[in-house]
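Student: The following file, model26.pdb, comprises PDB, C-alpha atoms:
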```pdb
ATOM      1  CA  MET A   1       2.275   4.741   9.317
ATOM      2  CA  LYS A   2       0.264   1.597  11.688
ATOM      3  CA  THR A   3      -1.696  -1.225  13.786
ATOM      4  CA  ARG A   4      -0.383   1.615  12.585
ATOM      5  CA  ASN A   5      -0.838  -2.556  12.904
ATOM      6  CA  VAL A   6       0.812  -3.583  10.751
ATOM      7  CA  LYS A   7      -1.889   0.072  14.158
ATOM      8  CA  LEU A   8      -3.050  -1.154  11.639
ATOM      9  CA  GLY A   9       2.111  -1.695  10.595
ATOM     10  CA  VAL A  10       3.148  -4.677  12.508
ATOM     11  CA  ILE A  11       2.880  -3.384  16.014
ATOM     12  CA  ALA A  12      -0.031  -4.954  17.731
ATOM     13  CA  ILE A  13      -1.070  -8.054  15.970
ATOM     14  CA  ALA A  14      -3.525  -9.201  18.562
ATOM     15  CA  LEU A  15      -4.173  -5.563  19.410
ATOM     16  CA  LEU A  16      -4.868  -4.525  15.798
ATOM     17  CA  SER A  17      -1.836  -1.230  14.492
ATOM     18  CA  ALA A  18      -0.320   2.017  14.608
ATOM     19  CA  ALA A  19      -2.826   3.457  12.844
ATOM     20  CA  MET A  20      -6.140   1.730  14.268
ATOM     21  CA  PRO A  21      -7.203   3.258  17.601
ATOM     22  CA  PHE A  22      -7.795   0.858  20.465
ATOM     23  CA  THR A  23     -11.378   0.361  21.601
ATOM     24  CA  THR A  24     -11.598   1.230  25.297
ATOM     25  CA  LYS A  25     -14.177   2.142  27.877
ATOM     26  CA  ALA A  26     -14.243   5.796  28.874
ATOM     27  CA  GLN A  27     -11.706   6.405  31.632
ATOM     28  CA  ASP A  28     -12.621   8.197  34.865
ATOM     29  CA  LYS A  29      -9.033   9.344  35.299
ATOM     30  CA  VAL A  30      -6.123  10.319  33.096
ATOM     31  CA  GLU A  31      -4.216   7.284  31.852
ATOM     32  CA  ALA A  32      -0.798   7.443  30.181
ATOM     33  CA  SER A  33       1.413   4.821  28.585
ATOM     34  CA  ILE A  34       4.800   4.535  26.912
ATOM     35  CA  GLY A  35       6.383   1.660  25.044
ATOM     36  CA  ALA A  36       8.471   0.535  22.089
ATOM     37  CA  ASP A  37       8.591  -2.283  19.555
ATOM     38  CA  ILE A  38      11.569  -3.779  17.760
ATOM     39  CA  VAL A  39      10.523  -5.307  14.440
ATOM     40  CA  SER A  40      12.419  -7.281  11.805
ATOM     41  CA  GLY A  41      10.689  -5.295   9.072
ATOM     42  CA  TYR A  42       8.291  -2.367   8.760
ATOM     43  CA  ILE A  43       5.294  -3.573   6.751
ATOM     44  CA  TRP A  44       2.274  -1.250   6.655
ATOM     45  CA  ARG A  45      -0.961  -2.069   4.833
ATOM     46  CA  GLY A  46       0.878  -4.487   2.574
ATOM     47  CA  GLN A  47       3.665  -2.016   1.762
ATOM     48  CA  ASP A  48       7.356  -2.473   2.582
ATOM     49  CA  LEU A  49       8.465   0.711   4.375
ATOM     50  CA  GLY A  50      11.795  -0.462   5.759
ATOM     51  CA  GLY A  51      13.925  -3.090   7.446
ATOM     52  CA  VAL A  52      14.711  -3.678  11.120
ATOM     53  CA  SER A  53      13.192  -0.758  13.020
ATOM     54  CA  LEU A  54      12.682   0.660  16.489
ATOM     55  CA  GLN A  55       9.134   1.976  16.899
ATOM     56  CA  PRO A  56       8.458   3.982  20.089
ATOM     57  CA  SER A  57       5.004   5.093  21.217
ATOM     58  CA  ALA A  58       3.396   7.183  23.941
ATOM     59  CA  SER A  59      -0.206   8.119  24.665
ATOM     60  CA  ILE A  60      -2.479   9.844  27.117
ATOM     61  CA  ALA A  61      -6.229   9.236  27.450
ATOM     62  CA  TYR A  62      -9.188  10.618  29.404
ATOM     63  CA  LYS A  63     -12.893   9.799  29.217
ATOM     64  CA  GLY A  64     -12.575   8.164  25.797
ATOM     65  CA  PHE A  65     -10.383  10.889  24.271
ATOM     66  CA  SER A  66      -6.781  10.054  23.483
ATOM     67  CA  LEU A  67      -3.659  11.684  22.084
ATOM     68  CA  GLY A  68      -0.894   9.398  20.893
ATOM     69  CA  ALA A  69       2.549   9.693  19.333
ATOM     70  CA  TRP A  70       4.226   6.958  17.321
ATOM     71  CA  GLY A  71       7.506   6.803  15.444
ATOM     72  CA  SER A  72       9.719   4.507  13.418
ATOM     73  CA  VAL A  73      13.490   4.628  12.986
ATOM     74  CA  GLY A  74      15.230   2.019  10.820
ATOM     75  CA  ILE A  75      18.773   0.841  11.463
ATOM     76  CA  GLU A  76      19.636   1.431   7.795
ATOM     77  CA  SER A  77      20.481   5.036   6.931
ATOM     78  CA  THR A  78      18.320   4.750   3.798
ATOM     79  CA  ASP A  79      15.181   3.948   5.825
ATOM     80  CA  ALA A  80      12.779   6.840   6.287
ATOM     81  CA  LYS A  81      12.146   8.187   9.768
ATOM     82  CA  GLU A  82       8.495   8.636  10.697
ATOM     83  CA  PHE A  83       6.667  10.622  13.358
ATOM     84  CA  ASP A  84       2.871  10.367  13.720
ATOM     85  CA  LEU A  85       0.386  12.109  16.003
ATOM     86  CA  THR A  86      -3.157  10.764  16.492
ATOM     87  CA  LEU A  87      -6.112  12.433  18.197
ATOM     88  CA  GLY A  88      -8.975  10.030  18.786
ATOM     89  CA  TYR A  89     -12.175   9.261  20.622
ATOM     90  CA  SER A  90     -13.713   5.880  21.411
ATOM     91  CA  THR A  91     -16.782   4.681  23.253
ATOM     92  CA  GLY A  92     -17.981   1.111  23.365
ATOM     93  CA  GLY A  93     -16.936  -0.388  20.048
ATOM     94  CA  PHE A  94     -17.030   2.913  18.143
ATOM     95  CA  SER A  95     -13.838   4.853  17.355
ATOM     96  CA  VAL A  96     -12.934   7.935  15.339
ATOM     97  CA  SER A  97      -9.558   9.606  14.917
ATOM     98  CA  VAL A  98      -7.392  11.984  12.911
ATOM     99  CA  THR A  99      -3.715  11.172  12.297
ATOM    100  CA  ASP A 100      -0.886  13.402  11.104
ATOM    101  CA  TYR A 101       1.804  11.255   9.423
ATOM    102  CA  TRP A 102       5.198  12.844   8.753
ATOM    103  CA  PHE A 103       8.284  11.430   7.031
ATOM    104  CA  ASN A 104      11.760  12.980   6.883
ATOM    105  CA  THR A 105      12.127  12.189   3.172
ATOM    106  CA  GLY A 106      10.380  15.371   2.027
ATOM    107  CA  ALA A 107       9.955  18.912   3.286
ATOM    108  CA  GLY A 108      10.836  19.731   6.895
ATOM    109  CA  TYR A 109       8.355  19.170   9.688
ATOM    110  CA  PHE A 110       7.083  22.766   9.818
ATOM    111  CA  HIS A 111       6.234  22.946   6.107
ATOM    112  CA  TYR A 112       2.458  22.743   5.783
ATOM    113  CA  ASP A 113       1.862  24.271   2.347
ATOM    114  CA  ALA A 114      -0.429  22.141   0.203
ATOM    115  CA  HIS A 115       2.267  21.771  -2.456
ATOM    116  CA  ASN A 116       5.276  21.646  -0.139
ATOM    117  CA  THR A 117       4.691  19.279   2.750
ATOM    118  CA  ALA A 118       5.677  15.795   3.872
ATOM    119  CA  HIS A 119       2.640  15.536   6.169
ATOM    120  CA  VAL A 120      -0.315  13.302   5.311
ATOM    121  CA  TYR A 121      -3.579  13.799   7.222
ATOM    122  CA  GLU A 122      -5.919  10.850   7.597
ATOM    123  CA  ALA A 123      -9.381  10.431   9.152
ATOM    124  CA  GLN A 124     -10.493   7.089  10.578
ATOM    125  CA  LEU A 125     -13.919   5.725  11.452
ATOM    126  CA  GLY A 126     -14.451   2.256  12.837
ATOM    127  CA  TYR A 127     -16.439  -0.146  14.948
ATOM    128  CA  ASP A 128     -15.286  -3.192  16.861
ATOM    129  CA  PHE A 129     -18.122  -5.723  16.901
ATOM    130  CA  GLY A 130     -16.097  -8.164  19.010
ATOM    131  CA  PRO A 131     -15.710 -11.083  16.587
ATOM    132  CA  VAL A 132     -14.678  -8.625  13.868
ATOM    133  CA  ALA A 133     -13.496  -5.005  13.693
ATOM    134  CA  VAL A 134     -14.086  -2.797  10.634
ATOM    135  CA  ASN A 135     -12.182   0.446   9.991
ATOM    136  CA  TRP A 136     -12.255   2.996   7.178
ATOM    137  CA  TYR A 137      -9.383   5.425   6.587
ATOM    138  CA  THR A 138      -9.250   8.398   4.173
ATOM    139  CA  ASN A 139      -6.476  10.894   3.482
ATOM    140  CA  PHE A 140      -8.070  14.337   3.393
ATOM    141  CA  ALA A 141      -5.102  16.733   3.192
ATOM    142  CA  GLY A 142      -1.350  16.952   2.815
ATOM    143  CA  ASP A 143       0.907  14.865   0.588
ATOM    144  CA  ASP A 144      -1.816  12.506  -0.623
ATOM    145  CA  GLY A 145      -1.694  10.360  -3.726
ATOM    146  CA  VAL A 146      -3.271  11.338  -7.029
ATOM    147  CA  LYS A 147      -5.329   9.783  -9.800
ATOM    148  CA  GLU A 148      -3.995   9.273 -13.310
ATOM    149  CA  ASN A 149      -5.483  12.638 -14.337
ATOM    150  CA  GLY A 150      -3.572  14.407 -11.551
ATOM    151  CA  ASP A 151      -6.556  15.035  -9.258
ATOM    152  CA  ARG A 152      -6.238  14.377  -5.537
ATOM    153  CA  ALA A 153      -7.235  10.786  -4.887
ATOM    154  CA  TYR A 154      -8.460  11.107  -1.295
ATOM    155  CA  SER A 155      -6.673   7.807  -0.858
ATOM    156  CA  SER A 156      -8.720   5.414   1.260
ATOM    157  CA  TYR A 157      -8.253   2.058   2.908
ATOM    158  CA  ILE A 158     -10.705  -0.318   4.525
ATOM    159  CA  SER A 159      -9.659  -3.000   6.988
ATOM    160  CA  VAL A 160     -11.577  -5.988   8.350
ATOM    161  CA  ALA A 161      -9.844  -7.810  11.204
ATOM    162  CA  ALA A 162     -10.926 -10.839  13.230
ATOM    163  CA  PRO A 163      -9.124 -11.904  16.425
ATOM    164  CA  PHE A 164      -9.307 -15.495  17.627
ATOM    165  CA  LYS A 165      -7.548 -17.976  19.884
ATOM    166  CA  LEU A 166      -5.899 -21.145  18.626
ATOM    167  CA  GLY A 167      -3.432 -23.460  20.314
ATOM    168  CA  GLY A 168      -3.332 -21.255  23.393
ATOM    169  CA  LEU A 169      -2.157 -18.202  21.410
ATOM    170  CA  ASP A 170      -3.820 -14.956  20.272
ATOM    171  CA  TRP A 171      -4.262 -14.656  16.517
ATOM    172  CA  THR A 172      -5.608 -11.983  14.174
ATOM    173  CA  ALA A 173      -6.675 -12.486  10.562
ATOM    174  CA  GLU A 174      -7.005  -9.298   8.509
ATOM    175  CA  VAL A 175      -7.910  -8.201   4.998
ATOM    176  CA  GLY A 176      -7.299  -4.662   3.752
ATOM    177  CA  ALA A 177      -8.171  -3.002   0.455
ATOM    178  CA  THR A 178      -8.174   0.369  -1.233
ATOM    179  CA  PRO A 179     -11.574   1.111  -2.806
ATOM    180  CA  TRP A 180     -10.471   3.300  -5.705
ATOM    181  CA  GLU A 181      -7.610   4.566  -7.838
ATOM    182  CA  THR A 182      -4.693   6.194  -6.034
ATOM    183  CA  SER A 183      -0.938   6.439  -6.437
ATOM    184  CA  PHE A 184      -0.651   6.373  -2.628
ATOM    185  CA  TYR A 185      -1.235   2.603  -2.637
ATOM    186  CA  GLY A 186      -0.210   2.098  -6.266
ATOM    187  CA  ALA A 187      -3.731   1.050  -7.243
ATOM    188  CA  SER A 188      -5.563   1.707 -10.517
ATOM    189  CA  GLY A 189      -8.926   0.899  -8.927
ATOM    190  CA  PHE A 190     -10.290  -1.325  -6.203
ATOM    191  CA  ALA A 191      -7.439  -3.521  -4.991
ATOM    192  CA  VAL A 192      -6.823  -5.899  -2.114
ATOM    193  CA  CYS A 193      -3.383  -4.966  -0.821
ATOM    194  CA  ASP A 194      -3.132  -6.725   2.536
ATOM    195  CA  VAL A 195      -4.058 -10.262   3.522
ATOM    196  CA  SER A 196      -2.388 -11.090   6.808
ATOM    197  CA  LEU A 197      -2.285 -13.498   9.707
ATOM    198  CA  GLY A 198      -0.653 -12.531  12.979
ATOM    199  CA  VAL A 199       0.055 -14.314  16.232
ATOM    200  CA  ALA A 200       1.222 -13.111  19.629
ATOM    201  CA  LYS A 201       2.335 -14.627  22.917
ATOM    202  CA  ASP A 202       4.071 -13.527  26.111
ATOM    203  CA  ILE A 203       7.636 -14.703  26.706
ATOM    204  CA  ARG A 204       8.033 -15.092  30.460
ATOM    205  CA  ILE A 205      11.331 -13.681  31.733
ATOM    206  CA  THR A 206      10.635 -13.833  35.461
ATOM    207  CA  ASP A 207       7.597 -14.641  37.610
ATOM    208  CA  SER A 208       6.548 -10.989  37.378
ATOM    209  CA  PHE A 209       7.921  -9.894  33.995
ATOM    210  CA  SER A 210       7.283 -11.032  30.428
ATOM    211  CA  LEU A 211       7.872  -9.700  26.924
ATOM    212  CA  PRO A 212       5.174  -9.810  24.231
ATOM    213  CA  LEU A 213       6.446 -11.561  21.104
ATOM    214  CA  PHE A 214       4.536 -11.250  17.858
ATOM    215  CA  ALA A 215       4.863 -12.448  14.275
ATOM    216  CA  LYS A 216       2.888 -11.602  11.169
ATOM    217  CA  ALA A 217       2.703 -12.988   7.634
ATOM    218  CA  THR A 218       1.423 -10.555   5.005
ATOM    219  CA  TRP A 219       0.550 -11.047   1.353
ATOM    220  CA  ASN A 220      -0.155  -8.168  -1.037
ATOM    221  CA  PRO A 221      -2.156  -9.468  -4.036
ATOM    222  CA  ARG A 222      -1.876  -6.098  -5.809
ATOM    223  CA  SER A 223       1.937  -5.950  -5.780
ATOM    224  CA  GLU A 224       2.431  -9.733  -5.548
ATOM    225  CA  GLY A 225       4.602  -9.168  -2.473
ATOM    226  CA  ALA A 226       4.873 -11.386   0.594
ATOM    227  CA  TYR A 227       6.441 -10.604   3.966
ATOM    228  CA  PHE A 228       7.036 -12.304   7.299
ATOM    229  CA  VAL A 229       8.069 -10.197  10.286
ATOM    230  CA  VAL A 230       8.639 -10.752  13.971
ATOM    231  CA  GLY A 231       8.868  -8.266  16.814
ATOM    232  CA  LEU A 232       9.151  -7.683  20.540
ATOM    233  CA  SER A 233       7.216  -5.146  22.603
ATOM    234  CA  PHE A 234       8.641  -3.378  25.650
TER     235      PHE A 234
END
```
Could you write out this file's structure as structure tokens?

Tutor:
Amino acid sequence: MKTRNVKLGVIAIALLSAAMPFTTKAQDKVEASIGADIVSGYIWRGQDLGGVSLQPSASIAYKGFSLGAWGSVGIESTDAKEFDLTLGYSTGGFSVSVTDYWFNTGAGYFHYDAHNTAHVYEAQLGYDFGPVAVNWYTNFAGDDGVKENGDRAYSSYISVAAPFKLGGLDWTAEVGATPWETSFYGASGFAVCDVSLGVAKDIRITDSFSLPLFAKATWNPRSEGAYFVVGLSF
């Protein structure tokens, strides 16, 4: 789960997460990419999902459509392993996507039964206005959270992110909240669960090669948690 992120967790601070699709112009040819991040902690939407982690990614895009894969593997044996697939479409500032999240802490990958699956399926709808980007996410199937009465919560999350430049660096300020009760985010109603500030810069290695370095401070008012992570992109 991103930034996704963190995505959306902590992957692309100035680029917005593993879980928020990038806003791009429609491509006239197939474009593919591959990369990886090393992060000091896996923080996603204000939740602590693990320690030091390697997070690989790969994607292919054509005429605004994209298919991406993202994963996370922690160095601690107790950390969950994650594998996500996202199918999306973007044009101008508009984006829409569907993500399949899977964790190895539950049923095996090929278990899709409603009551026996570790997959979570999420729909996303968003618009990047330039000075600010707004995204709405809702779980619509799979291992979603529930309400106190046991009903499916259709767990949702709304994110408002604003990129800006300061001191020669790229920054992003973000606020995220869940609008209603759900065990997925541990909320009994509307709750702000992510207030974050991220910064990114390129570390020049040679005249033709540099490594993106990023850091992000996150506060979760709902859980009263606070986190500070740093990472490198390759």

Student: Could you list the residues chosen by the PyMOL selection byres ((chain A and resi 57-65) around 8) in this structure as a PyMOL selection string?

Tutor: chain A and resi 24-36+55-56+66-71+87-91

Student: Could you state the separation of atom CA of A:Tyr227 and atom CA of A:Val52 in Å, given to one decimal place?

Tutor: 12.9 Å

Student: Pull out every residue that the PyMOL selection byres ((chain A and resi 99) around 10) matches in the shown coordinates and put them as a CSV table (one decimal) with C-alpha atoms, keeping the file's coordinate frame.

Tutor:
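So the final result, stored in expr34.csv, reads:
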```csv
chain,number,residue,atom,x,y,z
A,1,MET,CA,2.3,4.7,9.3
A,19,ALA,CA,-2.8,3.5,12.8
A,20,MET,CA,-6.1,1.7,14.3
A,67,LEU,CA,-3.7,11.7,22.1
A,68,GLY,CA,-0.9,9.4,20.9
A,69,ALA,CA,2.5,9.7,19.3
A,84,ASP,CA,2.9,10.4,13.7
A,85,LEU,CA,0.4,12.1,16.0
A,86,THR,CA,-3.2,10.8,16.5
A,87,LEU,CA,-6.1,12.4,18.2
A,88,GLY,CA,-9.0,10.0,18.8
A,97,SER,CA,-9.6,9.6,14.9
A,98,VAL,CA,-7.4,12.0,12.9
A,100,ASP,CA,-0.9,13.4,11.1
A,101,TYR,CA,1.8,11.3,9.4
A,102,TRP,CA,5.2,12.8,8.8
A,119,HIS,CA,2.6,15.5,6.2
A,120,VAL,CA,-0.3,13.3,5.3
A,121,TYR,CA,-3.6,13.8,7.2
A,122,GLU,CA,-5.9,10.8,7.6
A,123,ALA,CA,-9.4,10.4,9.2
A,124,GLN,CA,-10.5,7.1,10.6
A,137,TYR,CA,-9.4,5.4,6.6
A,139,ASN,CA,-6.5,10.9,3.5
```

Student: Within 6 Å of A:Trp171, counting only C-alpha atoms, which residues show up once you throw out same-chain ones fewer than 5 positions away? Write them as a ChimeraX atom specification, please.

Tutor: /A:14,163-165,198-199

Student: Any idea what's packed within 12 Å of A:Ser233, counting all atoms listed in the file, ignoring anything in its chain fewer than 2 positions away? Could you give it as a JSON list (two decimals) with C-alpha atoms, in the frame of the given file?

Tutor:
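To be explicit, this is the file written out as result_22.json:
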```json
[["chain", "number", "residue", "atom", "x", "y", "z"],
["A", 10, "VAL", "CA", 3.15, -4.68, 12.51],
["A", 11, "ILE", "CA", 2.88, -3.38, 16.01],
["A", 12, "ALA", "CA", -0.03, -4.95, 17.73],
["A", 13, "ILE", "CA", -1.07, -8.05, 15.97],
["A", 15, "LEU", "CA", -4.17, -5.56, 19.41],
["A", 34, "ILE", "CA", 4.80, 4.54, 26.91],
["A", 35, "GLY", "CA", 6.38, 1.66, 25.04],
["A", 36, "ALA", "CA", 8.47, 0.54, 22.09],
["A", 37, "ASP", "CA", 8.59, -2.28, 19.56],
["A", 38, "ILE", "CA", 11.57, -3.78, 17.76],
["A", 39, "VAL", "CA", 10.52, -5.31, 14.44],
["A", 54, "LEU", "CA", 12.68, 0.66, 16.49],
["A", 55, "GLN", "CA", 9.13, 1.98, 16.90],
["A", 56, "PRO", "CA", 8.46, 3.98, 20.09],
["A", 57, "SER", "CA", 5.00, 5.09, 21.22],
["A", 200, "ALA", "CA", 1.22, -13.11, 19.63],
["A", 201, "LYS", "CA", 2.34, -14.63, 22.92],
["A", 202, "ASP", "CA", 4.07, -13.53, 26.11],
["A", 203, "ILE", "CA", 7.64, -14.70, 26.71],
["A", 210, "SER", "CA", 7.28, -11.03, 30.43],
["A", 211, "LEU", "CA", 7.87, -9.70, 26.92],
["A", 212, "PRO", "CA", 5.17, -9.81, 24.23],
["A", 213, "LEU", "CA", 6.45, -11.56, 21.10],
["A", 214, "PHE", "CA", 4.54, -11.25, 17.86],
["A", 215, "ALA", "CA", 4.86, -12.45, 14.28],
["A", 230, "VAL", "CA", 8.64, -10.75, 13.97],
["A", 231, "GLY", "CA", 8.87, -8.27, 16.81]]
```

Student: Run the PyMOL selection byres ((chain A and resi 190) around 8) against the file shown and list the residues it catches, as a PyMOL selection string.

Tutor: chain A and resi 177-181+187-189+191-192

Student: Just the number, please: distance in Å from atom CA of A:Gly225 to atom CA of A:Ser196, one decimal.

Tutor: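 That distance, rounded to one decimal, is 11.8 Å.
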
Student: Measure the distance from atom CA of A:Gly142 to atom CA of A:Asn116 in Å and round it to one decimal.

Tutor: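 Between atom CA of A:Gly142 and atom CA of A:Asn116 the gap works out to 8.6 Å.
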
Student: Find, counting all atoms listed in the file, the residue in A:Ser159, A:Thr117, A:Ser208, A:Ser183 that gets nearest to A:Ala141.

Tutor: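 Among the listed residues, A:Thr117 lies closest to A:Ala141.
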
Student: Using only C-alpha atoms, can you tell me which of A:Val175, A:Leu197, A:Leu49, A:Leu232 comes closest to A:Asp79?

Tutor: A:Leu49

Student: Under the rule that all atoms listed in the file are counted, which of A:Gly176, A:Thr206, A:Thr138, A:Glu82 is the nearest residue to A:Trp219?

Tutor: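 Among the listed residues, the smallest separation from A:Trp219 belongs to A:Gly176.
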
Student: I'd like the neighbourhood of A:Ala162 as a list in words, where a residue qualifies if any of its atoms comes within 9 Å (using only C-alpha atoms), though same-chain residues fewer than 4 positions away should be ignored.

Tutor: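 Returned residues: Gly130, Pro131, Val132, Ala133, Trp171, Thr172, Ala173 and Glu174 of chain A.
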
Student: Find the residue from A:Thr182, A:Thr105, A:Ser72, A:Asn135 that sits nearest to A:Glu148; use all atoms listed in the file when measuring.

Tutor: A:Thr182
